[in-house]
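Novice: My structure is in coords_16.cif, and what it holds is mmCIF, C-alpha atoms:
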data_entry
loop_
_atom_site.label_atom_id
_atom_site.label_comp_id
_atom_site.auth_asym_id
_atom_site.auth_seq_id
_atom_site.Cartn_x
_atom_site.Cartn_y
_atom_site.Cartn_z
CA MET A 1 23.98 -34.94 244.00
CA SER A 2 27.05 -32.86 243.07
CA ASN A 3 27.86 -35.35 240.29
CA LEU A 4 24.35 -34.94 238.91
CA PHE A 5 24.74 -31.17 238.71
CA LYS A 6 28.14 -31.57 237.03
CA GLU A 7 26.64 -33.87 234.38
CA LEU A 8 23.73 -31.48 233.84
CA ASP A 9 26.19 -28.60 233.46
CA LYS A 10 28.17 -30.57 230.83
CA ALA A 11 24.98 -31.42 228.95
CA PHE A 12 23.85 -27.81 229.03
CA PHE A 13 27.24 -26.73 227.67
CA ILE A 14 26.90 -29.11 224.70
CA TRP A 15 23.32 -27.94 224.11
CA ARG A 16 24.44 -24.27 224.05
CA ILE A 17 27.11 -25.05 221.46
CA ASN A 18 24.56 -26.79 219.22
CA LEU A 19 22.13 -23.91 219.67
CA ARG A 20 24.73 -21.33 218.66
CA SER A 21 25.53 -23.39 215.59
CA GLU A 22 21.86 -23.46 214.58
CA LEU A 23 21.36 -19.74 215.26
CA ALA A 24 24.32 -18.91 213.00
CA MET A 25 21.96 -19.46 210.05
CA ARG A 26 19.41 -16.82 211.09
CA LYS A 27 17.29 -16.79 207.95
CA SER A 28 16.87 -20.55 207.97
CA PHE A 29 16.08 -20.44 211.68
CA LEU A 30 13.37 -17.82 211.23
CA ILE A 31 11.83 -19.56 208.22
CA LEU A 32 11.65 -22.89 210.06
CA THR A 33 10.18 -21.30 213.19
CA ILE A 34 7.54 -19.25 211.40
CA GLY A 35 6.72 -22.13 209.07
CA MET A 36 6.08 -24.45 212.03
CA ILE A 37 3.74 -21.91 213.66
CA ILE A 38 1.73 -21.61 210.44
CA ASN A 39 1.63 -25.40 210.08
CA ASP A 40 0.40 -25.84 213.67
CA LEU A 41 -2.43 -23.33 213.22
CA ALA A 42 -4.23 -25.81 210.96
CA PHE A 43 -5.11 -28.00 213.95
CA PRO A 44 -7.19 -25.54 216.02
CA ILE A 45 -8.91 -24.20 212.90
CA VAL A 46 -10.18 -27.68 212.01
CA TRP A 47 -11.36 -28.34 215.56
CA ILE A 48 -13.08 -24.94 215.86
CA PHE A 49 -15.13 -25.68 212.74
CA PHE A 50 -15.94 -29.12 214.17
CA PHE A 51 -17.30 -27.73 217.43
CA LEU A 52 -19.18 -24.91 215.72
CA ASN A 53 -21.04 -27.53 213.69
CA PHE A 54 -21.47 -30.33 216.22
CA GLY A 55 -21.29 -28.63 219.64
CA SER A 56 -19.47 -30.25 222.56
CA PHE A 57 -17.81 -33.65 222.36
CA ASN A 58 -17.89 -35.82 225.50
CA GLY A 59 -17.67 -32.70 227.66
CA TRP A 60 -15.01 -31.03 225.54
CA GLU A 61 -15.63 -27.61 224.01
CA VAL A 62 -13.69 -25.12 221.87
CA ALA A 63 -11.76 -23.67 224.84
CA ASP A 64 -10.64 -27.14 225.91
CA VAL A 65 -9.28 -27.96 222.46
CA ILE A 66 -7.41 -24.64 222.40
CA GLY A 67 -5.90 -25.67 225.74
CA LEU A 68 -5.00 -29.08 224.32
CA GLN A 69 -3.23 -27.49 221.38
CA ALA A 70 -1.44 -25.10 223.74
CA MET A 71 -0.15 -27.87 226.01
CA ALA A 72 0.79 -30.17 223.11
CA GLY A 73 2.67 -27.33 221.43
CA LEU A 74 4.56 -26.47 224.60
CA THR A 75 5.48 -30.01 225.65
CA ILE A 76 6.32 -31.42 222.23
CA GLY A 77 8.13 -28.24 221.21
CA LEU A 78 10.20 -28.06 224.40
CA SER A 79 11.05 -31.75 224.11
CA PHE A 80 12.34 -31.54 220.54
CA PHE A 81 14.06 -28.18 221.10
CA THR A 82 15.89 -29.04 224.31
CA ALA A 83 16.44 -32.78 223.78
CA GLY A 84 16.07 -33.51 220.09
CA GLY A 85 19.02 -35.89 219.97
CA ALA A 86 16.86 -38.89 220.88
CA THR A 87 15.03 -38.51 217.56
CA LYS A 88 18.36 -39.01 215.78
CA LEU A 89 19.49 -42.04 217.78
CA PRO A 90 18.90 -44.69 215.04
CA GLN A 91 20.80 -42.54 212.52
CA GLN A 92 23.65 -42.01 214.97
CA ILE A 93 23.91 -45.77 215.51
CA ASP A 94 23.89 -46.55 211.77
CA SER A 95 26.45 -43.88 210.91
CA GLY A 96 28.84 -44.76 213.70
CA TYR A 97 28.44 -41.33 215.32
CA PHE A 98 27.22 -43.12 218.44
CA ASP A 99 30.85 -44.15 219.01
CA ASN A 100 31.64 -40.47 219.63
CA LEU A 101 28.94 -40.29 222.30
CA LEU A 102 30.36 -43.38 224.00
CA LEU A 103 33.95 -42.16 223.98
CA THR A 104 33.48 -38.55 225.04
CA PRO A 105 33.26 -37.79 228.79
CA GLY A 106 29.90 -37.27 230.43
CA ASN A 107 26.68 -39.12 231.08
CA LEU A 108 25.58 -41.04 227.96
CA TYR A 109 21.87 -40.65 228.75
CA LEU A 110 22.14 -36.85 228.80
CA LYS A 111 24.57 -36.68 225.86
CA ILE A 112 22.10 -38.46 223.59
CA PHE A 113 19.40 -35.87 224.28
CA VAL A 114 21.58 -32.78 223.74
CA SER A 115 23.43 -34.14 220.69
CA HIS A 116 20.93 -32.49 218.34
CA ILE A 117 18.49 -29.56 218.35
CA ARG A 118 15.38 -29.28 216.20
CA THR A 119 15.19 -25.54 215.64
CA SER A 120 11.77 -25.83 214.01
CA ALA A 121 10.46 -27.04 217.38
CA LEU A 122 10.84 -23.51 218.69
CA GLY A 123 7.91 -22.69 216.40
CA ASP A 124 5.87 -25.27 218.34
CA VAL A 125 6.84 -23.55 221.59
CA PHE A 126 5.79 -20.10 220.33
CA TYR A 127 2.57 -21.61 218.99
CA GLY A 128 1.94 -23.20 222.40
CA LEU A 129 2.49 -19.85 224.13
CA ILE A 130 0.06 -18.09 221.78
CA MET A 131 -2.57 -20.80 222.32
CA THR A 132 -1.99 -20.62 226.09
CA VAL A 133 -2.78 -16.90 226.15
CA ILE A 134 -5.94 -17.50 224.11
CA TYR A 135 -6.91 -20.41 226.39
CA PHE A 136 -6.45 -18.33 229.55
CA ILE A 137 -8.62 -15.59 228.05
CA LEU A 138 -11.37 -18.02 227.05
CA ILE A 139 -11.58 -19.69 230.48
CA GLN A 140 -10.83 -16.44 232.34
CA ALA A 141 -8.04 -18.20 234.19
CA ASN A 142 -7.07 -17.12 237.70
CA ILE A 143 -3.57 -17.29 239.23
CA LEU A 144 -4.14 -20.74 240.73
CA GLN A 145 -5.24 -22.16 237.37
CA MET A 146 -2.18 -20.63 235.69
CA ILE A 147 0.09 -22.31 238.24
CA MET A 148 -1.73 -25.64 237.83
CA TRP A 149 -1.25 -25.26 234.07
CA LEU A 150 2.51 -24.93 234.40
CA LEU A 151 3.11 -27.81 236.83
CA PRO A 152 2.54 -30.72 234.36
CA ILE A 153 4.82 -29.30 231.65
CA ILE A 154 8.14 -30.64 232.97
CA PRO A 155 6.94 -34.23 233.61
CA ALA A 156 5.15 -34.26 230.25
CA VAL A 157 8.43 -33.30 228.53
CA MET A 158 10.17 -36.06 230.50
CA ILE A 159 7.58 -38.55 229.21
CA ILE A 160 8.05 -37.46 225.59
CA ASN A 161 11.85 -37.49 225.79
CA ASN A 162 12.04 -40.97 227.24
CA PHE A 163 9.34 -42.45 225.01
CA ILE A 164 11.27 -41.19 221.97
CA LEU A 165 14.53 -42.50 223.44
CA ILE A 166 13.01 -45.94 224.02
CA THR A 167 11.62 -46.13 220.48
CA GLY A 168 15.04 -45.10 219.17
CA LEU A 169 16.63 -48.07 220.90
CA VAL A 170 15.37 -50.31 218.09
CA GLY A 171 18.41 -49.01 216.22
CA PHE A 172 20.59 -51.24 218.39
CA PHE A 173 18.81 -54.33 217.11
CA ILE A 174 17.66 -53.44 213.57
CA ASN A 175 19.71 -51.83 210.80
CA ASP A 176 18.34 -48.65 209.22
CA ALA A 177 15.64 -48.28 211.86
CA THR A 178 15.05 -44.54 211.40
CA TYR A 179 11.69 -44.95 209.66
CA LEU A 180 10.49 -47.56 212.17
CA ALA A 181 11.49 -45.39 215.14
CA GLY A 182 9.70 -42.39 213.59
CA THR A 183 6.55 -44.46 213.12
CA LEU A 184 6.68 -45.59 216.74
CA GLN A 185 7.13 -41.98 217.88
CA ASP A 186 4.04 -40.97 215.91
CA THR A 187 1.99 -43.37 218.04
CA LEU A 188 2.61 -40.93 220.89
CA ILE A 189 2.42 -37.59 219.08
CA GLY A 190 -0.64 -38.30 216.91
CA PRO A 191 -3.13 -39.40 219.60
CA SER A 192 -1.97 -36.58 221.93
CA LEU A 193 -3.53 -34.01 219.57
CA TYR A 194 -7.06 -35.39 220.02
CA PRO A 195 -9.39 -34.55 222.94
CA SER A 196 -8.93 -37.03 225.77
CA GLY A 197 -12.72 -37.27 225.94
CA ALA A 198 -12.48 -39.46 222.84
CA TYR A 199 -10.70 -42.14 224.88
CA SER A 200 -12.58 -44.20 227.45
CA GLY A 201 -12.26 -47.53 229.25
CA ALA A 202 -9.42 -49.78 228.12
CA LEU A 203 -8.44 -47.33 225.37
CA ARG A 204 -7.97 -44.55 227.90
CA PHE A 205 -5.84 -46.84 230.10
CA PHE A 206 -3.73 -47.74 227.04
CA PHE A 207 -3.10 -44.11 226.07
CA ILE A 208 -2.13 -43.12 229.60
CA PHE A 209 0.08 -45.99 230.77
CA ILE A 210 1.26 -47.88 227.65
CA ILE A 211 1.52 -45.08 225.10
CA PRO A 212 1.15 -41.99 227.33
CA ALA A 213 -0.35 -39.70 224.68
CA ILE A 214 -3.12 -38.36 226.93
CA ALA A 215 -0.60 -37.48 229.65
CA ILE A 216 1.19 -34.91 227.46
CA GLY A 217 -1.89 -33.03 226.29
CA GLY A 218 -5.33 -34.13 227.44
CA LEU A 219 -4.66 -34.70 231.15
CA PRO A 220 -3.27 -31.18 231.77
CA VAL A 221 -6.50 -29.77 230.30
CA GLU A 222 -8.52 -32.12 232.52
CA ILE A 223 -6.54 -30.80 235.50
CA ILE A 224 -7.93 -27.34 234.83
CA LYS A 225 -11.43 -28.61 234.01
CA ASN A 226 -11.65 -30.72 237.17
CA ASN A 227 -9.38 -28.67 239.45
CA SER A 228 -7.53 -31.92 240.18
CA TYR A 229 -4.29 -31.94 242.16
CA TYR A 230 -4.19 -35.74 242.00
CA MET A 231 -3.79 -35.60 238.21
CA ILE A 232 -0.78 -33.31 238.63
CA LEU A 233 0.79 -35.84 240.99
CA GLY A 234 -0.10 -38.65 238.57
CA ILE A 235 1.66 -36.95 235.65
CA TRP A 236 4.78 -36.40 237.78
CA VAL A 237 4.79 -40.07 238.78
CA LEU A 238 4.47 -41.06 235.10
CA GLY A 239 7.30 -38.71 234.17
CA LEU A 240 9.62 -40.23 236.76
CA LEU A 241 8.65 -43.78 235.80
CA TRP A 242 9.31 -43.17 232.10
CA THR A 243 12.63 -41.50 232.96
CA GLY A 244 13.72 -44.51 234.99
CA LEU A 245 12.54 -46.89 232.26
CA GLY A 246 14.38 -44.95 229.56
CA TYR A 247 17.62 -44.93 231.57
CA ILE A 248 17.45 -48.64 232.38
CA LEU A 249 16.59 -49.74 228.83
CA LEU A 250 19.34 -47.54 227.34
CA ASN A 251 21.99 -49.14 229.56
CA ALA A 252 20.68 -52.59 228.67
CA ALA A 253 20.66 -51.82 224.92
CA VAL A 254 24.19 -50.36 224.92
CA LYS A 255 25.51 -53.76 226.05
CA LYS A 256 24.27 -55.13 222.70
CA TYR A 257 25.98 -52.36 220.70
CA GLU A 258 28.69 -53.16 218.20
CA SER A 259 30.50 -50.24 216.61
CA ALA A 260 29.45 -49.42 213.05
CA ASN A 261 33.13 -48.72 212.28
CA LEU A 262 32.25 -46.58 209.25
CA LEU A 263 35.09 -44.61 207.72
CA ALA A 264 33.69 -41.09 207.66
CA ASN A 265 34.67 -37.59 208.67
CA ARG A 266 32.99 -36.71 211.94
CA VAL A 267 32.91 -33.23 213.38
#
Take the structure in this file and express it as structure tokens.

Specialist:
Amino acid sequence: MSNLFKELDKAFFIWRINLRSELAMRKSFLILTIGMIINDLAFPIVWIFFFLNFGSFNGWEVADVIGLQAMAGLTIGLSFFTAGGATKLPQQIDSGYFDNLLLTPGNLYLKIFVSHIRTSALGDVFYGLIMTVIYFILIQANILQMIMWLLPIIPAVMIINNFILITGLVGFFINDATYLAGTLQDTLIGPSLYPSGAYSGALRFFFIFIIPAIAIGGLPVEIIKNNSYYMILGIWVLGLLWTGLGYILLNAAVKKYESANLLANRV
């Protein structure tokens, strides 16, 4: 256990250095953050007009979609802001930067995540917080509901991080796989922004267990709607399973890695 805390401390140190580097360009940081908030606001506006015209959708109403946008903003934003390095994995492999990650001390799994920060993702987090406040007001949330709202966030971030890591592993087998990895990542992010009421039967099973899009947005809203503690436990189990899968597949893929050996200046 002490080794785990040491590795986490090293990873947090690297993450802080990257964050300070990004914050050094304050104007760019603010523009990216505010721009992302404005971009995200398009989603609830479209859904509000939809529900005003068509009423509820498979039990989902305006408040539920606001909650969905809040949870998606928080989980996706926190994932990309705290562990954005996985999104860059194919590029790191192609450029040879991955050699640096292999040769420097520390746990490779953690180093990949903290090797890059997406500062624009902080805009997603702020957007998620704003939507959360609106959601709590609309449903008149009590303390228990607020606590139940917070509990799925960490496992949902774990799911996103490891899904993105796993899709990035294609870079070990295919040259210039950045576009392919991004497309695979969109199969998680895109469906997570739609009400989970739209998914039923085999499709719902697929988007919970194969591509866990519902788990990072829709299920947390269903937890509040149904007052379900079992769903909270289910999301935690999924988070742990995807973490284990990501760790195992990374170690297996690294065995196939051959250094890019590109002559380039690396900082």

Novice: Please write as a list in words the full residue list that the PyMOL selection byres ((chain A and resi 35) around 12) yields on this file.

Specialist: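 After applying the PyMOL selection byres ((chain A and resi 35) around 12), what remains is Lys27, Ser28, Phe29, Leu30, Ile31, Leu32, Thr33, Ile34, Met36, Ile37, Ile38, Asn39, Asp40, Leu41, Ala42, Thr119, Ser120, Ala121, Leu122, Gly123, Asp124, Phe126 and Tyr127 of chain A.
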
Novice: Sorted by chain and rising residue number, which residues of stretch 91-200 of chain A lie within 10 Å of stretch 239-263 of chain A, and what are their closest atom pairs and distances in Å to one decimal, counting only C-alpha atoms, as JSON lines?

Specialist:
{"residue": "A:Gln92", "atom": "CA", "partner": "A:Ala260", "partner_atom": "CA", "distance": 9.6}
{"residue": "A:Ile93", "atom": "CA", "partner": "A:Ala260", "partner_atom": "CA", "distance": 7.1}
{"residue": "A:Asp94", "atom": "CA", "partner": "A:Ala260", "partner_atom": "CA", "distance": 6.4}
{"residue": "A:Ser95", "atom": "CA", "partner": "A:Leu262", "partner_atom": "CA", "distance": 6.6}
{"residue": "A:Gly96", "atom": "CA", "partner": "A:Ala260", "partner_atom": "CA", "distance": 4.7}
{"residue": "A:Tyr97", "atom": "CA", "partner": "A:Ala260", "partner_atom": "CA", "distance": 8.5}
{"residue": "A:Phe98", "atom": "CA", "partner": "A:Ser259", "partner_atom": "CA", "distance": 8.0}
{"residue": "A:Asp99", "atom": "CA", "partner": "A:Ser259", "partner_atom": "CA", "distance": 6.6}
{"residue": "A:Leu102", "atom": "CA", "partner": "A:Val254", "partner_atom": "CA", "distance": 9.4}
{"residue": "A:Leu108", "atom": "CA", "partner": "A:Asn251", "partner_atom": "CA", "distance": 9.0}
{"residue": "A:Tyr109", "atom": "CA", "partner": "A:Tyr247", "partner_atom": "CA", "distance": 6.7}
{"residue": "A:Leu110", "atom": "CA", "partner": "A:Tyr247", "partner_atom": "CA", "distance": 9.7}
{"residue": "A:Pro152", "atom": "CA", "partner": "A:Gly239", "partner_atom": "CA", "distance": 9.3}
{"residue": "A:Ile154", "atom": "CA", "partner": "A:Gly239", "partner_atom": "CA", "distance": 8.2}
{"residue": "A:Pro155", "atom": "CA", "partner": "A:Gly239", "partner_atom": "CA", "distance": 4.5}
{"residue": "A:Ala156", "atom": "CA", "partner": "A:Gly239", "partner_atom": "CA", "distance": 6.3}
{"residue": "A:Val157", "atom": "CA", "partner": "A:Gly239", "partner_atom": "CA", "distance": 7.9}
{"residue": "A:Met158", "atom": "CA", "partner": "A:Gly239", "partner_atom": "CA", "distance": 5.4}
{"residue": "A:Ile159", "atom": "CA", "partner": "A:Gly239", "partner_atom": "CA", "distance": 5.0}
{"residue": "A:Ile160", "atom": "CA", "partner": "A:Gly239", "partner_atom": "CA", "distance": 8.7}
{"residue": "A:Asn161", "atom": "CA", "partner": "A:Thr243", "partner_atom": "CA", "distance": 8.3}
{"residue": "A:Asn162", "atom": "CA", "partner": "A:Gly246", "partner_atom": "CA", "distance": 5.2}
{"residue": "A:Phe163", "atom": "CA", "partner": "A:Trp242", "partner_atom": "CA", "distance": 7.1}
{"residue": "A:Ile164", "atom": "CA", "partner": "A:Gly246", "partner_atom": "CA", "distance": 9.0}
{"residue": "A:Leu165", "atom": "CA", "partner": "A:Gly246", "partner_atom": "CA", "distance": 6.6}
{"residue": "A:Ile166", "atom": "CA", "partner": "A:Gly246", "partner_atom": "CA", "distance": 5.8}
{"residue": "A:Thr167", "atom": "CA", "partner": "A:Gly246", "partner_atom": "CA", "distance": 9.6}
{"residue": "A:Gly168", "atom": "CA", "partner": "A:Leu250", "partner_atom": "CA", "distance": 9.5}
{"residue": "A:Leu169", "atom": "CA", "partner": "A:Ala253", "partner_atom": "CA", "distance": 6.8}
{"residue": "A:Val170", "atom": "CA", "partner": "A:Ala253", "partner_atom": "CA", "distance": 8.8}
{"residue": "A:Gly171", "atom": "CA", "partner": "A:Tyr257", "partner_atom": "CA", "distance": 9.4}
{"residue": "A:Phe172", "atom": "CA", "partner": "A:Tyr257", "partner_atom": "CA", "distance": 6.0}
{"residue": "A:Phe173", "atom": "CA", "partner": "A:Lys256", "partner_atom": "CA", "distance": 7.9}

Novice: For the file shown, what are the residues hit by the PyMOL selection byres ((chain A and resi 48-64) around 12), laid out as an MDAnalysis selection string?

Specialist: chainID A and resid 41:47 65:71 131:141 193:200 217:226

Novice: So that I can see what lies close to stretch 210-214 of chain A, please list as number ranges by chain the residues with an atom at most 7 Å from it, counting all atoms listed in the file and leaving out residues fewer than 6 positions away in the same chain.

Specialist: A: 188-189, 191-192, 196

Novice: Record the distance separating atom CA of A:Val237 and atom CA of A:Leu151, expressed in Å with one decimal.

Specialist: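 Atom CA of A:Leu151 lies 12.5 Å from atom CA of A:Val237.
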
Novice: What's the separation between atom CA of A:Ser228 and atom CA of A:Gln145, in Å to one decimal place?

Specialist: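 Separating atom CA of A:Ser228 from atom CA of A:Gln145 is a distance of 10.4 Å.
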
Novice: Give me the result of the PyMOL selection byres ((chain A and resi 107) around 9) on this file, residue by residue, as a PyMOL selection string.

Specialist: chain A and resi 7-8+10-11+105-106+108-112

Novice: Using only C-alpha atoms, pick whichever of A:Phe12, A:Ile143, A:Met25, A:Leu150 has the shortest atom-to-atom distance to A:Ala83.

Specialist: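 Between A:Phe12, A:Ile143, A:Met25, A:Leu150, the residue approaching A:Ala83 most closely is A:Phe12.
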
Novice: Name all residues at most 10 Å from A:Phe81 (count all atoms listed in the file; drop same-chain ones fewer than 3 positions away) and give them as JSON, numbers by chain.

Specialist: {"A": [15, 19, 75, 76, 77, 78, 84, 85, 113, 114, 116, 117, 118, 119, 120, 121, 122, 123, 124, 125]}

Novice: When you get a chance, write out N, CA and C atoms for stretch 147-164 of chain A, as a PDB file, in the coordinates of the input.

Specialist:
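Saved result, selection_2.pdb, follows:
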ATOM      1  N   ILE A 147      -0.955 -21.515 237.598  1.00  0.00           N
ATOM      2  CA  ILE A 147       0.090 -22.310 238.240  1.00  0.00           C
ATOM      3  C   ILE A 147      -0.136 -23.800 237.975  1.00  0.00           C
ATOM      4  N   MET A 148      -1.405 -24.240 238.091  1.00  0.00           N
ATOM      5  CA  MET A 148      -1.730 -25.640 237.830  1.00  0.00           C
ATOM      6  C   MET A 148      -1.452 -26.010 236.380  1.00  0.00           C
ATOM      7  N   TRP A 149      -1.540 -25.031 235.484  1.00  0.00           N
ATOM      8  CA  TRP A 149      -1.250 -25.260 234.070  1.00  0.00           C
ATOM      9  C   TRP A 149       0.233 -25.507 233.834  1.00  0.00           C
ATOM     10  N   LEU A 150       1.072 -24.822 234.599  1.00  0.00           N
ATOM     11  CA  LEU A 150       2.510 -24.930 234.400  1.00  0.00           C
ATOM     12  C   LEU A 150       3.104 -26.199 235.007  1.00  0.00           C
ATOM     13  N   LEU A 151       2.523 -26.698 236.091  1.00  0.00           N
ATOM     14  CA  LEU A 151       3.110 -27.810 236.830  1.00  0.00           C
ATOM     15  C   LEU A 151       3.277 -29.102 236.020  1.00  0.00           C
ATOM     16  N   PRO A 152       2.359 -29.453 235.109  1.00  0.00           N
ATOM     17  CA  PRO A 152       2.540 -30.720 234.360  1.00  0.00           C
ATOM     18  C   PRO A 152       3.522 -30.637 233.198  1.00  0.00           C
ATOM     19  N   ILE A 153       4.013 -29.435 232.859  1.00  0.00           N
ATOM     20  CA  ILE A 153       4.820 -29.300 231.650  1.00  0.00           C
ATOM     21  C   ILE A 153       6.115 -30.100 231.739  1.00  0.00           C
ATOM     22  N   ILE A 154       6.852 -29.949 232.845  1.00  0.00           N
ATOM     23  CA  ILE A 154       8.140 -30.640 232.970  1.00  0.00           C
ATOM     24  C   ILE A 154       7.978 -32.162 232.921  1.00  0.00           C
ATOM     25  N   PRO A 155       7.068 -32.764 233.709  1.00  0.00           N
ATOM     26  CA  PRO A 155       6.940 -34.230 233.610  1.00  0.00           C
ATOM     27  C   PRO A 155       6.448 -34.697 232.250  1.00  0.00           C
ATOM     28  N   ALA A 156       5.613 -33.882 231.590  1.00  0.00           N
ATOM     29  CA  ALA A 156       5.150 -34.260 230.250  1.00  0.00           C
ATOM     30  C   ALA A 156       6.316 -34.278 229.268  1.00  0.00           C
ATOM     31  N   VAL A 157       7.227 -33.313 229.375  1.00  0.00           N
ATOM     32  CA  VAL A 157       8.430 -33.300 228.530  1.00  0.00           C
ATOM     33  C   VAL A 157       9.303 -34.507 228.845  1.00  0.00           C
ATOM     34  N   MET A 158       9.399 -34.865 230.106  1.00  0.00           N
ATOM     35  CA  MET A 158      10.170 -36.060 230.500  1.00  0.00           C
ATOM     36  C   MET A 158       9.572 -37.316 229.845  1.00  0.00           C
ATOM     37  N   ILE A 159       8.246 -37.401 229.825  1.00  0.00           N
ATOM     38  CA  ILE A 159       7.580 -38.550 229.210  1.00  0.00           C
ATOM     39  C   ILE A 159       7.902 -38.630 227.719  1.00  0.00           C
ATOM     40  N   ILE A 160       7.785 -37.489 227.027  1.00  0.00           N
ATOM     41  CA  ILE A 160       8.050 -37.460 225.590  1.00  0.00           C
ATOM     42  C   ILE A 160       9.497 -37.844 225.303  1.00  0.00           C
ATOM     43  N   ASN A 161      10.432 -37.220 226.021  1.00  0.00           N
ATOM     44  CA  ASN A 161      11.850 -37.490 225.790  1.00  0.00           C
ATOM     45  C   ASN A 161      12.170 -38.975 225.919  1.00  0.00           C
ATOM     46  N   ASN A 162      11.678 -39.580 226.978  1.00  0.00           N
ATOM     47  CA  ASN A 162      12.040 -40.970 227.240  1.00  0.00           C
ATOM     48  C   ASN A 162      11.276 -41.942 226.353  1.00  0.00           C
ATOM     49  N   PHE A 163      10.057 -41.604 225.969  1.00  0.00           N
ATOM     50  CA  PHE A 163       9.340 -42.450 225.010  1.00  0.00           C
ATOM     51  C   PHE A 163      10.087 -42.455 223.675  1.00  0.00           C
ATOM     52  N   ILE A 164      10.521 -41.278 223.225  1.00  0.00           N
ATOM     53  CA  ILE A 164      11.270 -41.190 221.970  1.00  0.00           C
ATOM     54  C   ILE A 164      12.607 -41.925 222.075  1.00  0.00           C
TER      55      ILE A 164
END
